[in-house]
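Trainee: Please find work_0.txt (compact mmCIF, C-alpha atoms) on the next line:
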# COMPACT_ATOMS: atom_id res chain seq x y z
CA PHE A 1 26.86 -97.76 -45.73
CA CYS A 2 29.39 -94.95 -45.47
CA GLY A 3 29.89 -94.98 -49.23
CA HIS A 4 26.27 -93.90 -49.57
CA ALA A 5 26.36 -91.48 -46.63
CA ILE A 6 29.29 -89.44 -47.98
CA LEU A 7 27.25 -88.64 -51.08
CA GLN A 8 24.48 -87.03 -49.04
CA PRO A 9 24.45 -83.33 -48.08
CA GLY A 10 23.20 -84.14 -44.58
CA ILE A 11 22.38 -87.08 -42.31
CA MET A 12 21.45 -90.36 -43.98
CA GLN A 13 19.21 -92.76 -42.06
CA VAL A 14 18.55 -96.45 -42.74
CA PRO A 15 15.81 -97.49 -40.27
CA ASP A 16 15.98 -101.21 -41.21
CA ALA A 17 18.76 -102.36 -43.52
CA ARG A 18 17.20 -105.83 -43.80
CA ILE A 19 14.39 -104.48 -45.98
CA ASP A 20 16.43 -101.79 -47.76
CA PRO A 21 17.39 -103.10 -51.23
CA ARG A 22 20.68 -101.17 -51.08
CA PHE A 23 21.91 -103.06 -48.02
CA ALA A 24 19.80 -106.21 -47.58
CA ASP A 25 22.55 -108.45 -48.98
CA ASN A 26 25.42 -106.57 -47.30
CA PRO A 27 27.74 -108.92 -45.32
CA LEU A 28 27.54 -106.55 -42.34
CA VAL A 29 23.77 -107.04 -42.33
CA LEU A 30 23.69 -110.78 -43.00
CA GLY A 31 26.51 -111.56 -40.57
CA PRO A 32 28.33 -110.00 -37.60
CA PRO A 33 27.88 -107.31 -36.46
CA HIS A 34 24.33 -107.68 -37.92
CA VAL A 35 23.77 -104.02 -38.66
CA VAL A 36 20.06 -103.17 -38.85
CA PHE A 37 19.91 -99.45 -38.15
CA TYR A 38 22.41 -96.95 -39.56
CA ALA A 39 22.69 -93.16 -39.41
CA GLY A 40 25.66 -91.31 -40.89
CA ARG A 41 26.70 -87.67 -41.09
CA PRO A 42 29.41 -86.65 -43.60
CA LEU A 43 32.56 -85.03 -42.17
CA ARG A 44 34.17 -82.45 -44.45
CA ALA A 45 37.60 -80.85 -44.60
CA LEU A 46 38.12 -77.11 -44.79
CA ASP A 47 37.95 -77.23 -48.60
CA GLY A 48 34.68 -79.19 -48.53
CA VAL A 49 36.13 -82.58 -49.42
CA VAL A 50 34.37 -85.39 -47.53
CA LEU A 51 36.83 -87.14 -45.21
CA GLY A 52 34.45 -89.77 -43.84
CA THR A 53 31.33 -90.06 -41.71
CA LEU A 54 30.24 -89.98 -38.09
CA CYS A 55 28.03 -93.05 -37.73
CA LEU A 56 25.48 -94.57 -35.38
CA VAL A 57 24.56 -98.26 -35.77
CA ASP A 58 22.28 -100.67 -33.94
CA SER A 59 21.23 -104.29 -34.28
CA LYS A 60 17.58 -103.27 -33.96
CA PRO A 61 15.44 -101.11 -36.26
CA ARG A 62 14.94 -97.52 -35.15
CA THR A 63 14.47 -93.97 -36.44
CA LEU A 64 16.10 -90.82 -35.07
CA ASP A 65 13.67 -88.08 -34.07
CA GLU A 66 14.40 -84.43 -34.79
CA ALA A 67 16.19 -83.85 -31.46
CA GLN A 68 18.39 -86.91 -31.96
CA ARG A 69 19.21 -85.83 -35.52
CA GLN A 70 20.22 -82.42 -34.15
CA ASP A 71 22.42 -84.04 -31.51
CA LEU A 72 24.17 -86.13 -34.19
CA ASP A 73 24.67 -83.03 -36.33
CA ASP A 74 26.04 -81.07 -33.35
CA PHE A 75 28.54 -83.81 -32.53
CA GLY A 76 29.47 -83.92 -36.21
CA LEU A 77 30.20 -80.18 -36.12
CA LEU A 78 32.39 -80.69 -33.06
CA VAL A 79 34.37 -83.45 -34.80
CA GLU A 80 34.71 -81.30 -37.94
CA SER A 81 35.92 -78.35 -35.87
CA THR A 82 38.63 -80.54 -34.34
CA LEU A 83 39.67 -81.81 -37.77
CA HIS A 84 39.71 -78.25 -39.10
CA ASP A 85 41.91 -77.15 -36.20
CA LEU A 86 44.37 -79.92 -37.02
CA GLU A 87 44.39 -78.83 -40.67
CA ARG A 88 45.01 -75.21 -39.71
CA ARG A 89 47.76 -76.16 -37.26
CA HIS A 90 49.41 -78.17 -40.01
CA GLN A 91 49.23 -75.07 -42.21
CA VAL A 92 50.73 -72.95 -39.45
CA ARG A 93 53.56 -75.43 -38.82
CA SER A 94 54.26 -75.51 -42.56
CA LEU A 95 54.34 -71.72 -42.62
CA SER A 96 56.77 -71.63 -39.70
CA ASN A 97 59.15 -74.03 -41.49
CA VAL A 98 59.05 -71.91 -44.60
CA LEU A 99 59.89 -68.79 -42.59
CA GLU A 100 62.97 -70.45 -41.07
CA ASP A 101 64.56 -71.46 -44.38
CA GLN A 102 63.06 -69.24 -47.06
CA GLU A 103 62.41 -65.76 -45.77
CA HIS A 104 61.70 -64.43 -49.25
CA LEU A 105 58.52 -66.56 -49.33
CA PHE A 106 57.19 -64.95 -46.18
CA THR A 107 55.54 -61.96 -47.79
CA GLN A 108 53.68 -64.07 -50.34
CA THR A 109 52.57 -66.57 -47.71
CA PHE A 110 51.66 -63.81 -45.28
CA ASN A 111 49.42 -62.04 -47.77
CA GLN A 112 47.75 -65.11 -49.25
CA SER A 113 47.14 -67.21 -46.13
CA ALA A 114 43.56 -67.67 -45.00
CA VAL A 115 44.90 -67.89 -41.41
CA GLY A 116 45.10 -64.56 -39.58
CA MET A 117 48.72 -63.47 -39.30
CA ALA A 118 50.38 -60.37 -37.83
CA LEU A 119 53.70 -58.89 -36.84
CA SER A 120 53.84 -57.11 -33.49
CA SER A 121 56.44 -55.03 -31.71
CA MET A 122 57.75 -56.03 -28.27
CA GLU A 123 55.33 -53.45 -26.84
CA GLY A 124 52.34 -55.12 -28.52
CA VAL A 125 51.85 -52.56 -31.30
CA TRP A 126 50.61 -54.01 -34.59
CA LEU A 127 53.30 -53.65 -37.26
CA LYS A 128 51.65 -55.59 -40.08
CA ALA A 129 48.39 -57.52 -40.52
CA ASN A 130 47.57 -59.87 -43.37
CA PRO A 131 44.16 -59.89 -45.14
CA GLY A 132 43.10 -62.97 -43.18
CA LEU A 133 43.51 -61.11 -39.88
CA GLN A 134 41.88 -57.96 -41.21
CA GLN A 135 38.82 -60.01 -42.12
CA LEU A 136 38.95 -61.85 -38.80
CA LEU A 137 38.94 -58.67 -36.68
CA GLY A 138 37.01 -56.41 -39.05
CA TYR A 139 39.75 -53.77 -39.30
CA ARG A 140 41.70 -52.47 -42.27
CA GLU A 141 45.44 -52.74 -41.78
CA GLN A 142 45.93 -48.96 -41.66
CA ASP A 143 43.34 -48.76 -38.86
CA MET A 144 45.22 -51.38 -36.84
CA LEU A 145 48.70 -49.84 -37.06
CA ASN A 146 49.73 -47.85 -33.99
CA GLN A 147 47.10 -49.74 -31.96
CA THR A 148 47.98 -52.60 -29.64
CA TRP A 149 46.65 -56.12 -29.52
CA GLN A 150 46.18 -55.59 -25.80
CA ALA A 151 43.51 -52.95 -26.50
CA MET A 152 41.60 -55.39 -28.74
CA THR A 153 41.79 -58.30 -26.31
CA HIS A 154 38.77 -59.24 -24.20
CA PRO A 155 39.45 -57.92 -20.67
CA ASP A 156 38.90 -61.34 -19.08
CA ASP A 157 41.64 -62.88 -21.27
CA LEU A 158 44.20 -60.07 -21.13
CA ALA A 159 46.19 -61.03 -18.02
CA ALA A 160 46.95 -64.60 -19.16
CA ASP A 161 48.08 -63.41 -22.60
CA VAL A 162 50.24 -60.58 -21.24
CA GLU A 163 51.95 -62.95 -18.80
CA GLN A 164 52.98 -65.31 -21.62
CA PHE A 165 53.95 -62.41 -23.92
CA GLU A 166 56.24 -60.88 -21.30
CA LYS A 167 57.99 -64.24 -20.79
CA LEU A 168 58.64 -64.31 -24.55
CA VAL A 169 60.02 -60.76 -24.55
CA ARG A 170 62.30 -61.57 -21.57
CA GLY A 171 63.65 -64.60 -23.44
CA GLU A 172 62.15 -67.10 -21.02
CA SER A 173 60.24 -68.86 -23.81
CA ASN A 174 60.30 -69.15 -27.58
CA GLY A 175 56.55 -68.75 -27.91
CA TYR A 176 53.19 -69.90 -26.68
CA VAL A 177 49.73 -71.03 -27.77
CA ILE A 178 46.60 -69.82 -26.05
CA ASP A 179 42.85 -69.71 -26.66
CA LYS A 180 41.51 -66.20 -26.17
CA ARG A 181 38.88 -63.69 -27.26
CA PHE A 182 39.33 -60.59 -29.37
CA ILE A 183 36.85 -57.73 -29.63
CA ARG A 184 36.18 -56.98 -33.29
CA LYS A 185 35.72 -53.47 -34.69
CA ASP A 186 31.91 -53.87 -34.61
CA GLY A 187 32.05 -54.79 -30.90
CA SER A 188 31.37 -58.50 -31.37
CA VAL A 189 33.56 -61.11 -29.70
CA ILE A 190 35.52 -63.77 -31.57
CA PHE A 191 37.32 -66.80 -30.14
CA VAL A 192 40.74 -67.62 -31.60
CA THR A 193 43.61 -69.99 -31.00
CA LEU A 194 46.62 -67.68 -30.87
CA ASP A 195 50.07 -69.03 -31.72
CA VAL A 196 52.84 -66.52 -30.87
CA ARG A 197 56.49 -66.93 -31.87
CA GLY A 198 59.47 -64.66 -31.47
CA VAL A 199 61.40 -63.69 -34.60
CA ARG A 200 65.08 -63.33 -33.66
CA SER A 201 68.16 -62.08 -35.44
CA ALA A 202 71.23 -64.23 -36.03
CA ASP A 203 72.66 -63.14 -32.66
CA GLY A 204 69.47 -64.15 -30.85
CA ARG A 205 68.08 -60.65 -30.38
CA LEU A 206 64.27 -60.47 -30.50
CA GLU A 207 63.34 -58.30 -33.48
CA HIS A 208 59.57 -58.66 -33.54
CA VAL A 209 56.77 -61.11 -32.81
CA LEU A 210 54.83 -63.24 -35.28
CA ALA A 211 51.29 -64.19 -34.35
CA THR A 212 48.94 -66.58 -36.17
CA MET A 213 45.27 -66.77 -35.28
CA GLN A 214 42.67 -69.40 -36.05
CA ASP A 215 38.96 -68.65 -35.68
CA ILE A 216 37.50 -71.22 -33.25
CA THR A 217 34.25 -69.39 -32.49
CA GLU A 218 32.11 -72.07 -34.13
CA ARG A 219 33.87 -74.79 -32.15
CA LYS A 220 33.43 -72.91 -28.88
CA LEU A 221 29.72 -72.36 -29.54
CA THR A 222 29.28 -76.03 -30.45
CA GLU A 223 31.11 -77.11 -27.30
CA ALA A 224 28.92 -74.83 -25.18
CA LYS A 225 25.78 -76.20 -26.81
CA THR A 226 26.96 -79.77 -26.28
CA GLN A 227 27.70 -79.03 -22.62
CA ARG A 228 24.21 -77.57 -22.21
CA LEU A 229 22.62 -80.63 -23.83
CA THR A 230 24.68 -82.95 -21.61
CA ALA A 231 23.64 -81.00 -18.49
CA ILE A 232 19.97 -81.10 -19.51
CA HIS A 233 20.07 -84.85 -20.16
CA ALA A 234 21.82 -85.43 -16.82
CA ALA A 235 19.31 -83.25 -14.97
CA VAL A 236 16.32 -85.04 -16.53
CA SER A 237 17.83 -88.41 -15.62
CA GLU A 238 18.47 -87.31 -12.02
CA CYS A 239 14.92 -85.94 -11.73
CA ASN A 240 13.48 -89.21 -12.97
CA GLN A 241 15.53 -91.12 -10.40
CA ALA A 242 14.42 -88.73 -7.66
CA ILE A 243 10.76 -89.26 -8.59
CA ILE A 244 11.21 -93.03 -8.43
CA ARG A 245 12.97 -92.87 -5.04
CA SER A 246 10.66 -90.36 -3.36
CA HIS A 247 7.51 -91.27 -1.48
CA SER A 248 6.10 -87.77 -1.03
CA ALA A 249 6.28 -84.24 -2.41
CA GLU A 250 8.09 -83.11 0.73
CA GLU A 251 10.81 -85.67 0.03
CA LEU A 252 10.94 -84.97 -3.72
CA PHE A 253 11.05 -81.16 -3.83
CA PRO A 254 14.41 -80.69 -2.01
CA GLN A 255 16.01 -83.20 -4.38
CA ILE A 256 14.66 -81.33 -7.41
CA CYS A 257 16.11 -78.09 -6.02
CA ARG A 258 19.49 -79.75 -5.47
CA ILE A 259 19.49 -81.04 -9.06
CA ALA A 260 18.59 -77.58 -10.40
CA VAL A 261 21.52 -76.04 -8.53
CA LEU A 262 23.95 -78.82 -9.46
CA TYR A 263 23.15 -79.08 -13.19
CA GLY A 264 21.46 -75.77 -13.94
CA GLY A 265 24.19 -73.44 -12.72
CA MET A 266 21.83 -71.79 -10.24
CA LYS A 267 22.86 -70.43 -6.86
CA THR A 268 19.57 -71.32 -5.22
CA ALA A 269 16.34 -73.05 -6.24
CA TRP A 270 12.96 -73.55 -4.62
CA VAL A 271 9.70 -75.22 -5.53
CA GLY A 272 6.39 -73.59 -4.67
CA ARG A 273 3.08 -75.39 -4.49
CA LEU A 274 -0.40 -73.91 -4.90
CA ASP A 275 -2.96 -74.97 -2.31
Output the file's structure as structure tokens, nothing else.
Mentor:
Amino acid sequence: FCGHAILQPGIMQVPDARIDPRFADNPLVLGPPHVVFYAGRPLRALDGVVLGTLCLVDSKPRTLDEAQRQDLDDFGLLVESTLHDLERRHQVRSLSNVLEDQEHLFTQTFNQSAVGMALSSMEGVWLKANPGLQQLLGYREQDMLNQTWQAMTHPDDLAADVEQFEKLVRGESNGYVIDKRFIRKDGSVIFVTLDVRGVRSADGRLEHVLATMQDITERKLTEAKTQRLTAIHAAVSECNQAIIRSHSAEELFPQICRIAVLYGGMKTAWVGRLD
């Protein structure tokens, strides 16, 4: 099944494998686990190579409707985002190892990396920004110099970042990783995973700070959408249960209001009825 799914650009559905000539004689169909329905979404690496599939199977025939297909695609995006984060972190760890042993490779790696990278002073002033970071934040390097990363940080995320940065400067830590938001030059907001490491001299003196940034905006938006879908499904289920349990409108309406507040993020809710 997956061998066919990875060749498709999107979701592949097999409503009933027993009557599909591609799979009718498949051992998984003829014997345990007796696969009848299959839906698979390809999962791709950062370079587009297909790593595998996210699959749904059932022992009964069925067909996904448009909403269910969208849910499967959304979950696929979430899985891909996690895989991409792991790939980027592997890149970052590889870059860090190179910097420790082969400093002469730093400039080449810095300039060619697709990951946003920057050097910062102990006061937070940008000293150098690679092309990946310039694209990420929408600034040219010369426009960033003499500005601080604090000024480009979303106000709601500034305190947590400054607290960790000051610990690094005081020598209380070697670095930190934090998810935060930056404000781009055009005013839009971007989510990043920020990995900050101190660059020290042979005697242990902190010379400057190296920061690497991975764009996780897509992952954050997918997570938010998934949370909204989960809340909606939970609310609908609770409403259905309330309808079954209630014997009158007077008994039902307060429960519906409670569900709206609990799952809808509302402070208050009320139900009006026309006479």
Trainee: Quick one: of A:Thr217, A:Ser81, A:Gln13, A:Ser113, who's nearest to Asp65 (chain A), counting all atoms listed in the file?
Mentor: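 Nearest to Asp65 (chain A): A:Gln13.
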Trainee: Calculated over only C-alpha atoms, which of the candidates A:Ser121, A:Asn111, A:Ser248, A:Gln134 has the smallest distance to Arg184 (chain A)?
Mentor: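 Result for the nearest residue to Arg184 (chain A): A:Gln134.
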Trainee: Select, from A:Val192, A:Ile11, A:Leu252, A:Cys2, the residue with the minimum atom-to-atom distance to Gly116 (chain A), counting only C-alpha atoms.
Mentor: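 Using only C-alpha atoms, Gly116 (chain A) sits closest to A:Val192.
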Trainee: Provide the CA of Trp126 (chain A) to CA of Glu172 (chain A) distance in Å, to one decimal place.
Mentor: 22.1 Å
Trainee: Once you count only C-alpha atoms, what closest atom pair and distance in Å to one decimal does each residue of region 156-226 of chain A within 7 Å of region 142-152 of chain A have, with rows by chain and rising residue number, as a tab-separated table?
Mentor:
residue	atom	partner	partner_atom	distance
A:Leu158	CA	A:Gln150	CA	6.8
A:Phe182	CA	A:Met152	CA	5.7
A:Ile183	CA	A:Met152	CA	5.4
Trainee: Calculate how many Å separate CA of Ala211 (chain A) from CA of Ala224 (chain A), rounding to one decimal.
Mentor: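 Computing the Euclidean distance for CA of Ala211 (chain A) and CA of Ala224 (chain A) yields 26.4 Å.
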Trainee: Any idea what the distance is between CA of Leu210 (chain A) and CA of Met117 (chain A)?
Mentor: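 These atoms are spaced 7.3 Å apart.
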Trainee: When you look at region 194-200 of chain A with a cut-off of 9 Å (counting all atoms listed in the file), what residues show up, excluding the ones that are within fewer than 4 positions of it in the same chain? I need them as number ranges by chain.
Mentor: A: 92, 165, 168-169, 173-180, 204-214
Trainee: Of the candidates A:Gly124, A:Gly171, A:Pro254, A:Gly132, which shows the shortest atom-to-atom distance to Trp270 (chain A), using all atoms listed in the file?
Mentor: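 Closest residue, counting all atoms listed in the file: A:Pro254.
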Trainee: Can you tell me which residues surround region 232-241 of chain A at a distance of at most 7 Å, considering all atoms listed in the file, apart from same-chain residues fewer than 3 positions away, and format the answer as a PDB file with C-alpha atoms, in the frame of the given file?
Mentor:
ATOM      1  CA  ARG A 228      24.210 -77.570 -22.210  1.00  0.00           C
ATOM      2  CA  LEU A 229      22.620 -80.630 -23.830  1.00  0.00           C
ATOM      3  CA  ILE A 244      11.210 -93.030  -8.430  1.00  0.00           C
ATOM      4  CA  ARG A 245      12.970 -92.870  -5.040  1.00  0.00           C
ATOM      5  CA  ILE A 256      14.660 -81.330  -7.410  1.00  0.00           C
ATOM      6  CA  ILE A 259      19.490 -81.040  -9.060  1.00  0.00           C
ATOM      7  CA  TYR A 263      23.150 -79.080 -13.190  1.00  0.00           C
TER       8      TYR A 263
END
Trainee: Near Gly138 (chain A), within 8 Å and counting all atoms listed in the file, which residues show up once chain neighbours fewer than 2 positions away are dropped, as an MDAnalysis selection string?
Mentor: chainID A and resid 134:136 140 184:186
Trainee: With all atoms listed in the file as the counted atoms, please give the residues lying no more than 8 Å from Pro15 (chain A), apart from itself and same-chain residues fewer than 6 positions off, as a ChimeraX atom specification.
Mentor: /A:36-38,61-63
Trainee: Which of these residues is nearest to Leu64 (chain A), using only C-alpha atoms: A:Ser188, A:Thr82, A:Gly40, A:Asp25?
Mentor: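 Distance minimum relative to Leu64 (chain A) lands on A:Gly40.
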Trainee: Compare A:Leu43, A:Leu119, A:Val49, A:Leu56 by their minimum atom-to-atom distance to Leu78 (chain A), counting all atoms listed in the file, and give me the closest one.
Mentor: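 Between A:Leu43, A:Leu119, A:Val49, A:Leu56, the residue approaching Leu78 (chain A) most closely is A:Leu43.
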Trainee: Write region 127-146 of chain A as a short mmCIF file (atom, residue, chain, number, x, y, z; two decimals), in the frame of the given file, completed to N, CA and C atoms.
Mentor:
data_model
loop_
_atom_site.label_atom_id
_atom_site.label_comp_id
_atom_site.auth_asym_id
_atom_site.auth_seq_id
_atom_site.Cartn_x
_atom_site.Cartn_y
_atom_site.Cartn_z
N LEU A 127 52.39 -54.15 -36.24
CA LEU A 127 53.30 -53.65 -37.26
C LEU A 127 52.81 -53.99 -38.67
N LYS A 128 52.16 -55.15 -38.78
CA LYS A 128 51.65 -55.59 -40.08
C LYS A 128 50.56 -56.62 -39.84
N ALA A 129 49.50 -56.56 -40.65
CA ALA A 129 48.39 -57.52 -40.52
C ALA A 129 48.02 -58.01 -41.91
N ASN A 130 47.91 -59.33 -42.05
CA ASN A 130 47.57 -59.87 -43.37
C ASN A 130 46.05 -59.78 -43.61
N PRO A 131 45.60 -59.99 -44.85
CA PRO A 131 44.16 -59.89 -45.14
C PRO A 131 43.31 -60.83 -44.31
N GLY A 132 43.86 -62.02 -44.00
CA GLY A 132 43.10 -62.97 -43.18
C GLY A 132 42.78 -62.40 -41.81
N LEU A 133 43.74 -61.71 -41.19
CA LEU A 133 43.51 -61.11 -39.88
C LEU A 133 42.60 -59.90 -39.98
N GLN A 134 42.75 -59.12 -41.03
CA GLN A 134 41.88 -57.96 -41.21
C GLN A 134 40.42 -58.40 -41.29
N GLN A 135 40.18 -59.48 -42.03
CA GLN A 135 38.82 -60.01 -42.12
C GLN A 135 38.36 -60.58 -40.78
N LEU A 136 39.28 -61.23 -40.07
CA LEU A 136 38.95 -61.85 -38.80
C LEU A 136 38.50 -60.82 -37.77
N LEU A 137 39.23 -59.69 -37.70
CA LEU A 137 38.94 -58.67 -36.68
C LEU A 137 38.09 -57.52 -37.19
N GLY A 138 37.87 -57.45 -38.50
CA GLY A 138 37.01 -56.41 -39.05
C GLY A 138 37.68 -55.06 -39.22
N TYR A 139 39.00 -55.02 -39.13
CA TYR A 139 39.75 -53.77 -39.30
C TYR A 139 40.52 -53.79 -40.61
N ARG A 140 40.71 -52.61 -41.22
CA ARG A 140 41.70 -52.47 -42.27
C ARG A 140 43.08 -52.34 -41.63
N GLU A 141 44.10 -52.73 -42.36
CA GLU A 141 45.44 -52.74 -41.78
C GLU A 141 45.85 -51.34 -41.29
N GLN A 142 45.53 -50.31 -42.07
CA GLN A 142 45.93 -48.96 -41.66
C GLN A 142 45.24 -48.50 -40.38
N ASP A 143 44.04 -49.10 -40.10
CA ASP A 143 43.34 -48.76 -38.86
C ASP A 143 43.94 -49.48 -37.66
N MET A 144 44.65 -50.59 -37.92
CA MET A 144 45.22 -51.38 -36.84
C MET A 144 46.60 -50.85 -36.41
N LEU A 145 47.35 -50.30 -37.37
CA LEU A 145 48.70 -49.84 -37.06
C LEU A 145 48.65 -48.75 -36.00
N ASN A 146 49.63 -48.78 -35.12
CA ASN A 146 49.73 -47.85 -33.99
C ASN A 146 48.72 -48.17 -32.88
#
